[in-house]
file upload25.cif (mmCIF, C-alpha atoms)
data_entry
#
loop_
_atom_site.group_PDB
_atom_site.id
_atom_site.type_symbol
_atom_site.label_atom_id
_atom_site.label_comp_id
_atom_site.auth_asym_id
_atom_site.auth_seq_id
_atom_site.Cartn_x
_atom_site.Cartn_y
_atom_site.Cartn_z
ATOM 1 C CA MET A 730 0.000 0.000 0.000
ATOM 2 C CA ALA A 731 2.827 2.406 0.881
ATOM 3 C CA TYR A 732 4.524 1.660 -2.452
ATOM 4 C CA VAL A 733 1.351 2.628 -4.337
ATOM 5 C CA PHE A 734 1.030 5.990 -2.600
ATOM 6 C CA ILE A 735 4.694 6.929 -2.351
ATOM 7 C CA GLN A 736 6.077 5.552 -5.615
ATOM 8 C CA ILE A 737 3.347 4.774 -8.138
ATOM 9 C CA PHE A 738 1.216 7.901 -7.729
ATOM 10 C CA PRO A 739 4.193 10.309 -8.122
ATOM 11 C CA GLU A 740 5.397 8.343 -11.173
ATOM 12 C CA MET A 741 1.883 8.621 -12.622
ATOM 13 C CA ALA A 742 2.042 12.405 -12.161
ATOM 14 C CA GLU A 743 5.364 12.545 -14.030
ATOM 15 C CA ILE A 744 3.983 10.368 -16.817
ATOM 16 C CA GLN A 745 0.899 12.561 -17.096
ATOM 17 C CA GLU A 746 3.146 15.594 -17.411
ATOM 18 C CA SER A 747 5.094 13.949 -20.244
ATOM 19 C CA PHE A 748 1.809 13.001 -21.969
ATOM 20 C CA SER A 749 0.439 16.545 -21.715
ATOM 21 C CA GLU A 750 3.569 17.941 -23.393
ATOM 22 C CA HIS A 751 2.982 15.764 -26.477
ATOM 23 C CA ASP A 752 1.839 17.289 -29.782
ATOM 24 C CA ASN A 753 -0.777 14.641 -30.554
ATOM 25 C CA PHE A 754 -4.208 15.655 -29.215
ATOM 26 C CA LEU A 755 -5.244 12.121 -28.234
ATOM 27 C CA ILE A 756 -2.030 11.542 -26.298
ATOM 28 C CA ALA A 757 -2.113 14.975 -24.682
ATOM 29 C CA LEU A 758 -5.618 14.522 -23.265
ATOM 30 C CA GLU A 759 -6.029 15.675 -19.709
ATOM 31 C CA HIS A 760 -5.544 12.822 -17.236
ATOM 32 C CA GLN A 761 -4.486 10.365 -19.979
ATOM 33 C CA ALA A 762 -2.128 8.428 -17.666
ATOM 34 C CA TYR A 763 -4.856 8.089 -15.065
ATOM 35 C CA LEU A 764 -7.340 6.966 -17.710
ATOM 36 C CA LEU A 765 -4.954 4.173 -18.735
ATOM 37 C CA ALA A 766 -4.546 3.215 -15.066
ATOM 38 C CA LEU A 767 -8.317 3.129 -14.699
ATOM 39 C CA MET A 768 -8.532 0.861 -17.747
ATOM 40 C CA GLY A 769 -6.000 -1.518 -16.193
ATOM 41 C CA LEU A 770 -7.921 -1.542 -12.919
ATOM 42 C CA CYS A 771 -11.251 -2.172 -14.676
ATOM 43 C CA LEU A 772 -9.894 -4.955 -16.887
ATOM 44 C CA PHE A 773 -8.424 -6.852 -13.950
ATOM 45 C CA TYR A 774 -11.522 -6.229 -11.849
ATOM 46 C CA GLY A 775 -13.714 -7.636 -14.622
ATOM 47 C CA LEU A 776 -11.494 -10.697 -14.914
ATOM 48 C CA GLU A 777 -11.590 -11.219 -11.141
ATOM 49 C CA LYS A 778 -15.409 -11.066 -11.096
ATOM 50 C CA LEU A 779 -15.628 -13.472 -14.040
ATOM 51 C CA ILE A 780 -13.278 -15.945 -12.384
ATOM 52 C CA LYS A 781 -14.947 -15.645 -8.977
ATOM 53 C CA SER A 782 -18.394 -16.287 -10.457
ATOM 54 C CA ALA A 783 -17.125 -19.380 -12.304
ATOM 55 C CA ARG A 784 -15.416 -20.656 -9.161
ATOM 56 C CA ASP A 785 -18.419 -20.028 -6.889
ATOM 57 C CA ASP A 786 -20.968 -21.501 -9.308
ATOM 58 C CA GLU A 787 -22.110 -24.779 -7.784
ATOM 59 C CA ARG A 788 -23.203 -26.007 -11.217
ATOM 60 C CA ALA A 789 -19.835 -25.231 -12.817
ATOM 61 C CA THR A 790 -18.396 -28.122 -14.776
ATOM 62 C CA PRO A 791 -14.729 -29.077 -14.316
ATOM 63 C CA VAL A 792 -14.081 -27.631 -17.779
ATOM 64 C CA LYS A 793 -15.556 -24.273 -16.761
ATOM 65 C CA VAL A 794 -13.434 -24.233 -13.596
ATOM 66 C CA LEU A 795 -10.329 -25.128 -15.627
ATOM 67 C CA ASN A 796 -11.142 -22.361 -18.120
ATOM 68 C CA ALA A 797 -11.504 -19.859 -15.260
ATOM 69 C CA PHE A 798 -8.113 -20.965 -13.930
ATOM 70 C CA SER A 799 -6.584 -20.622 -17.408
ATOM 71 C CA VAL A 800 -7.941 -17.084 -17.803
ATOM 72 C CA HIS A 801 -6.729 -16.137 -14.323
ATOM 73 C CA LEU A 802 -3.293 -17.639 -14.938
ATOM 74 C CA THR A 803 -2.969 -16.002 -18.361
ATOM 75 C CA SER A 804 -3.953 -12.572 -17.027
ATOM 76 C CA PHE A 805 -1.370 -12.814 -14.228
ATOM 77 C CA ALA A 806 1.257 -14.130 -16.662
ATOM 78 C CA VAL A 807 0.761 -11.009 -18.800
ATOM 79 C CA TYR A 808 0.781 -8.880 -15.620
ATOM 80 C CA ASN A 809 4.056 -10.452 -14.452
ATOM 81 C CA ALA A 810 5.618 -10.184 -17.922
ATOM 82 C CA LEU A 811 4.753 -6.474 -17.987
ATOM 83 C CA ILE A 812 6.439 -6.022 -14.618
ATOM 84 C CA GLY A 813 9.501 -7.889 -15.913
ATOM 85 C CA TYR A 814 9.554 -5.801 -19.101
ATOM 86 C CA LEU A 815 9.212 -2.504 -17.261
ATOM 87 C CA LEU A 816 11.978 -3.480 -14.833
ATOM 88 C CA VAL A 817 14.437 -3.056 -17.700
ATOM 89 C CA HIS A 818 13.000 0.357 -18.611
ATOM 90 C CA ARG A 819 12.818 1.948 -15.155
ATOM 91 C CA GLU A 820 13.678 5.625 -14.976
ATOM 92 C CA ASP A 821 15.297 5.209 -11.548
ATOM 93 C CA THR A 822 18.475 3.248 -12.263
ATOM 94 C CA GLN A 823 20.146 3.850 -8.892
ATOM 95 C CA LEU A 824 20.882 0.711 -6.905
ATOM 96 C CA SER A 825 18.834 1.871 -3.894
ATOM 97 C CA GLY A 826 15.811 2.549 -6.138
ATOM 98 C CA LEU A 827 16.111 -0.852 -7.814
ATOM 99 C CA LEU A 828 16.455 -2.630 -4.458
ATOM 100 C CA PHE A 829 13.389 -0.812 -3.120
ATOM 101 C CA TYR A 830 11.447 -1.714 -6.263
ATOM 102 C CA ALA A 831 12.579 -5.352 -5.965
ATOM 103 C CA LEU A 832 11.459 -5.467 -2.323
ATOM 104 C CA ALA A 833 8.060 -3.883 -3.075
ATOM 105 C CA ILE A 834 7.344 -6.034 -6.117
ATOM 106 C CA GLY A 835 8.705 -9.163 -4.428
ATOM 107 C CA LEU A 836 6.302 -8.674 -1.515
ATOM 108 C CA HIS A 837 3.513 -7.944 -3.996
ATOM 109 C CA PHE A 838 4.255 -11.204 -5.847
ATOM 110 C CA LEU A 839 4.216 -13.043 -2.529
ATOM 111 C CA VAL A 840 0.755 -11.682 -1.695
ATOM 112 C CA ASN A 841 -0.526 -12.483 -5.213
ATOM 113 C CA ASP A 842 0.925 -15.982 -4.901
ATOM 114 C CA PHE A 843 -0.942 -16.502 -1.627
ATOM 115 C CA GLY A 844 -4.234 -15.344 -3.185
ATOM 116 C CA LEU A 845 -3.854 -17.488 -6.309
ATOM 117 C CA ARG A 846 -2.833 -20.527 -4.245
ATOM 118 C CA GLU A 847 -5.912 -20.045 -2.068
ATOM 119 C CA HIS A 848 -8.231 -19.748 -5.091
ATOM 120 C CA HIS A 849 -6.842 -22.499 -7.320
ATOM 121 C CA GLN A 850 -5.016 -24.806 -4.882
ATOM 122 C CA HIS A 851 -3.449 -27.878 -6.528
ATOM 123 C CA ARG A 852 -3.564 -26.562 -10.125
ATOM 124 C CA TYR A 853 -1.728 -23.415 -9.116
ATOM 125 C CA HIS A 854 0.741 -25.323 -6.953
ATOM 126 C CA ALA A 855 1.437 -27.950 -9.630
ATOM 127 C CA TYR A 856 2.200 -25.660 -12.556
ATOM 128 C CA GLY A 857 0.623 -22.214 -12.237
ATOM 129 C CA ARG A 858 3.335 -20.788 -9.988
ATOM 130 C CA TRP A 859 6.044 -21.936 -12.396
ATOM 131 C CA ILE A 860 4.304 -20.286 -15.336
ATOM 132 C CA LEU A 861 4.016 -17.009 -13.420
ATOM 133 C CA ALA A 862 7.669 -17.126 -12.349
ATOM 134 C CA ALA A 863 8.741 -17.821 -15.939
ATOM 135 C CA SER A 864 6.567 -14.979 -17.258
ATOM 136 C CA ILE A 865 8.587 -12.440 -15.243
ATOM 137 C CA VAL A 866 11.791 -13.725 -16.840
ATOM 138 C CA VAL A 867 10.180 -13.729 -20.302
ATOM 139 C CA GLY A 868 9.091 -10.103 -19.803
ATOM 140 C CA TRP A 869 12.589 -9.175 -18.650
ATOM 141 C CA ILE A 870 14.171 -10.851 -21.709
ATOM 142 C CA ILE A 871 11.722 -9.067 -24.021
ATOM 143 C CA GLY A 872 12.660 -5.819 -22.267
ATOM 144 C CA LEU A 873 16.356 -6.476 -22.892
ATOM 145 C CA THR A 874 15.824 -7.291 -26.574
ATOM 146 C CA THR A 875 13.005 -4.919 -27.542
ATOM 147 C CA GLU A 876 13.011 -1.149 -27.428
ATOM 148 C CA LEU A 877 9.621 0.572 -27.421
ATOM 149 C CA SER A 878 9.098 4.316 -27.509
ATOM 150 C CA GLU A 879 9.024 6.187 -24.225
ATOM 151 C CA LEU A 880 5.374 7.003 -24.893
ATOM 152 C CA VAL A 881 4.426 3.312 -25.144
ATOM 153 C CA ILE A 882 6.458 2.477 -22.023
ATOM 154 C CA HIS A 883 4.655 5.233 -20.114
ATOM 155 C CA GLY A 884 1.320 3.897 -21.341
ATOM 156 C CA LEU A 885 2.225 0.349 -20.269
ATOM 157 C CA PHE A 886 3.320 1.598 -16.854
ATOM 158 C CA SER A 887 0.071 3.531 -16.422
ATOM 159 C CA PHE A 888 -2.017 0.518 -17.402
ATOM 160 C CA LEU A 889 -0.001 -1.724 -15.088
ATOM 161 C CA ALA A 890 -0.299 0.800 -12.245
ATOM 162 C CA GLY A 891 -4.083 0.459 -12.317
ATOM 163 C CA SER A 892 -3.891 -3.315 -12.118
ATOM 164 C CA ILE A 893 -1.310 -3.128 -9.313
ATOM 165 C CA ILE A 894 -3.619 -0.813 -7.381
ATOM 166 C CA LEU A 895 -6.510 -3.263 -7.773
ATOM 167 C CA ASN A 896 -4.394 -6.236 -6.695
ATOM 168 C CA VAL A 897 -3.050 -4.330 -3.689
ATOM 169 C CA LEU A 898 -6.562 -3.409 -2.574
ATOM 170 C CA LYS A 899 -7.951 -6.890 -3.280
ATOM 171 C CA GLU A 900 -5.182 -8.951 -1.710
ATOM 172 C CA GLU A 901 -3.732 -6.695 0.959
ATOM 173 C CA LEU A 902 -7.014 -5.347 2.340
ATOM 174 C CA PRO A 903 -9.147 -8.501 2.171
ATOM 175 C CA GLU A 904 -12.728 -8.517 3.398
ATOM 176 C CA ASP A 905 -13.163 -12.255 3.640
ATOM 177 C CA ARG A 906 -9.899 -13.139 5.398
ATOM 178 C CA LYS A 907 -8.812 -12.186 8.880
ATOM 179 C CA SER A 908 -6.855 -8.972 8.793
ATOM 180 C CA ARG A 909 -5.618 -6.823 11.620
ATOM 181 C CA PHE A 910 -5.156 -3.078 11.645
ATOM 182 C CA LEU A 911 -1.995 -2.803 13.787
ATOM 183 C CA PRO A 912 0.161 -5.150 11.665
ATOM 184 C CA PHE A 913 -1.149 -3.384 8.557
ATOM 185 C CA MET A 914 -0.167 0.022 9.973
ATOM 186 C CA PHE A 915 3.222 -1.279 11.086
ATOM 187 C CA GLY A 916 3.877 -2.535 7.548
ATOM 188 C CA VAL A 917 2.767 0.753 5.971
ATOM 189 C CA ILE A 918 4.928 2.832 8.321
ATOM 190 C CA ALA A 919 7.979 0.577 7.904
ATOM 191 C CA PHE A 920 7.691 0.518 4.122
ATOM 192 C CA ALA A 921 7.024 4.257 3.898
ATOM 193 C CA GLY A 922 10.118 4.827 6.036
ATOM 194 C CA LEU A 923 12.177 2.678 3.665
ATOM 195 C CA ALA A 924 10.837 4.667 0.721
ATOM 196 C CA TYR A 925 12.057 7.916 2.224
ATOM 197 C CA LEU A 926 15.456 6.446 3.119
ATOM 198 C CA GLN A 927 16.194 5.272 -0.412
#

call {"tool": "encode", "arguments": {"input": "upload25.cif", "output": "structure tokens"}}
result
Amino acid sequence: MAYVFIQIFPEMAEIQESFSEHDNFLIALEHQAYLLALMGLCLFYGLEKLIKSARDDERATPVKVLNAFSVHLTSFAVYNALIGYLLVHREDTQLSGLLFYALAIGLHFLVNDFGLREHHQHRYHAYGRWILAASIVVGWIIGLTTELSELVIHGLFSFLAGSIILNVLKEELPEDRKSRFLPFMFGVIAFAGLAYLQ
């Protein structure tokens, strides 16, 4: 949560500023970066609702459940590949910034892993986790070998930011699992402190 507010939101503001300086009217729209983030949030929210309804449907056939798992796994594989790709194209190339990013994203992956393992159990444990781990590496390799324009990279980051925000809210502030306020606040304060130290 601290990473979203202290790192992602300021980066979104910088990206919006670079969009608004562009000559193309469609790119220079007001709040373009935030619109892309909203699209990322909505797409992942729609996928989550689709998957949850298939999983909770008592009449769901094994094929329908497997299809829901496949859609969920594919969406997170693309999500992880985007994170891997954007790791190569980070604006902050200082070691402290990269270590902070690695810590934040590593913890985020851990939380996502817990949620996916809880939802899909043996399928996720058997092969889903390996596919998601490989997708990060695939994204990183694509980032090393492919150069996109800064505009496209900013758009991808904005889109990804929206989906990160949704996953943070969904997995780190769960309604249906036990959560406690004091450990949450301790984590936010500790992580925010690390952000200001780096």

call {"tool": "residues_around", "arguments": {"input": "upload25.cif", "residues": "Arg784 in chain A", "least_positions_apart": "5", "cutoff": "8 Å", "atoms": "all atoms listed in the file", "output": "short mmCIF file (atom, residue, chain, number, x, y, z; two decimals) with C-alpha atoms, in the coordinates of the input"}}
result
data_model
loop_
_atom_site.label_atom_id
_atom_site.label_comp_id
_atom_site.auth_asym_id
_atom_site.auth_seq_id
_atom_site.Cartn_x
_atom_site.Cartn_y
_atom_site.Cartn_z
CA ALA A 789 -19.84 -25.23 -12.82
CA VAL A 794 -13.43 -24.23 -13.60
CA ALA A 797 -11.50 -19.86 -15.26
#

call {"tool": "resolve_selection", "arguments": {"input": "upload25.cif", "expression": "the PyMOL selection byres ((chain A and resi 884-900) around 8)", "output": "JSON, numbers by chain"}}
result
{"A": [730, 733, 737, 741, 744, 762, 763, 765, 766, 767, 768, 769, 770, 771, 772, 773, 774, 808, 811, 812, 815, 837, 840, 841, 844, 880, 881, 882, 883, 901, 902, 903]}

call {"tool": "atom_distance", "arguments": {"input": "upload25.cif", "atom1": "CA of Leu824 in chain A", "atom2": "CA of Gly916 in chain A"}}
result
22.6 Å

call {"tool": "resolve_selection", "arguments": {"input": "upload25.cif", "expression": "the PyMOL selection byres ((chain A and resi 867) around 12)", "output": "list in words"}}
result
Ala806, Val807, Tyr808, Asn809, Ala810, Leu811, Ile812, Gly813, Tyr814, Leu815, Leu816, Val817, Ile860, Leu861, Ala862, Ala863, Ser864, Ile865, Val866, Gly868, Trp869, Ile870, Ile871, Gly872, Leu873, Thr874 and Thr875 of chain A

call {"tool": "closest_residue", "arguments": {"input": "upload25.cif", "among": "A:Glu759, A:Leu764, A:Leu795, A:Gly775", "to": "His851 in chain A", "atoms": "all atoms listed in the file"}}
result
A:Leu795

call {"tool": "resolve_selection", "arguments": {"input": "upload25.cif", "expression": "the PyMOL selection byres ((chain A and resi 853) around 12)", "output": "MDAnalysis selection string"}}
result
chainID A and resid 795 798:799 801:803 805 841:852 854:862

call {"tool": "residues_around", "arguments": {"input": "upload25.cif", "residues": "Leu827 in chain A", "least_positions_apart": "4", "cutoff": "12 Å", "atoms": "all atoms listed in the file", "output": "list in words"}}
result
Leu815, Leu816, Val817, His818, Arg819, Glu820, Asp821, Thr822, Gln823, Ala831, Leu832, Ala833, Ile834, Gly835, Ala924 and Gln927 of chain A

call {"tool": "atom_distance", "arguments": {"input": "upload25.cif", "atom1": "CA of Ala742 in chain A", "atom2": "CA of Phe829 in chain A"}}
result
19.6 Å

call {"tool": "atom_distance", "arguments": {"input": "upload25.cif", "atom1": "CA of Val800 in chain A", "atom2": "CA of Glu876 in chain A"}}
result
28.0 Å

call {"tool": "axis_aligned_box", "arguments": {"input": "upload25.cif", "around": "range 805-823 of chain A", "padding_each_side": "6 Å", "output": "JSON"}}
result
{"center_x": 9.4, "center_y": -4.3, "center_z": -14.0, "size_x": 33.5, "size_y": 31.8, "size_z": 22.2}

call {"tool": "residues_near_point", "arguments": {"input": "upload25.cif", "point": "(7.5, 3.5, 1.5)", "cutoff": "9 Å", "atoms": "all atoms listed in the file", "output": "list in words"}}
result
Met730, Ala731, Tyr732, Val733, Phe734, Ile735, Gln736, Phe829, Ala833, Val917, Ile918, Ala919, Phe920, Ala921, Gly922, Leu923, Ala924, Tyr925 and Leu926 of chain A
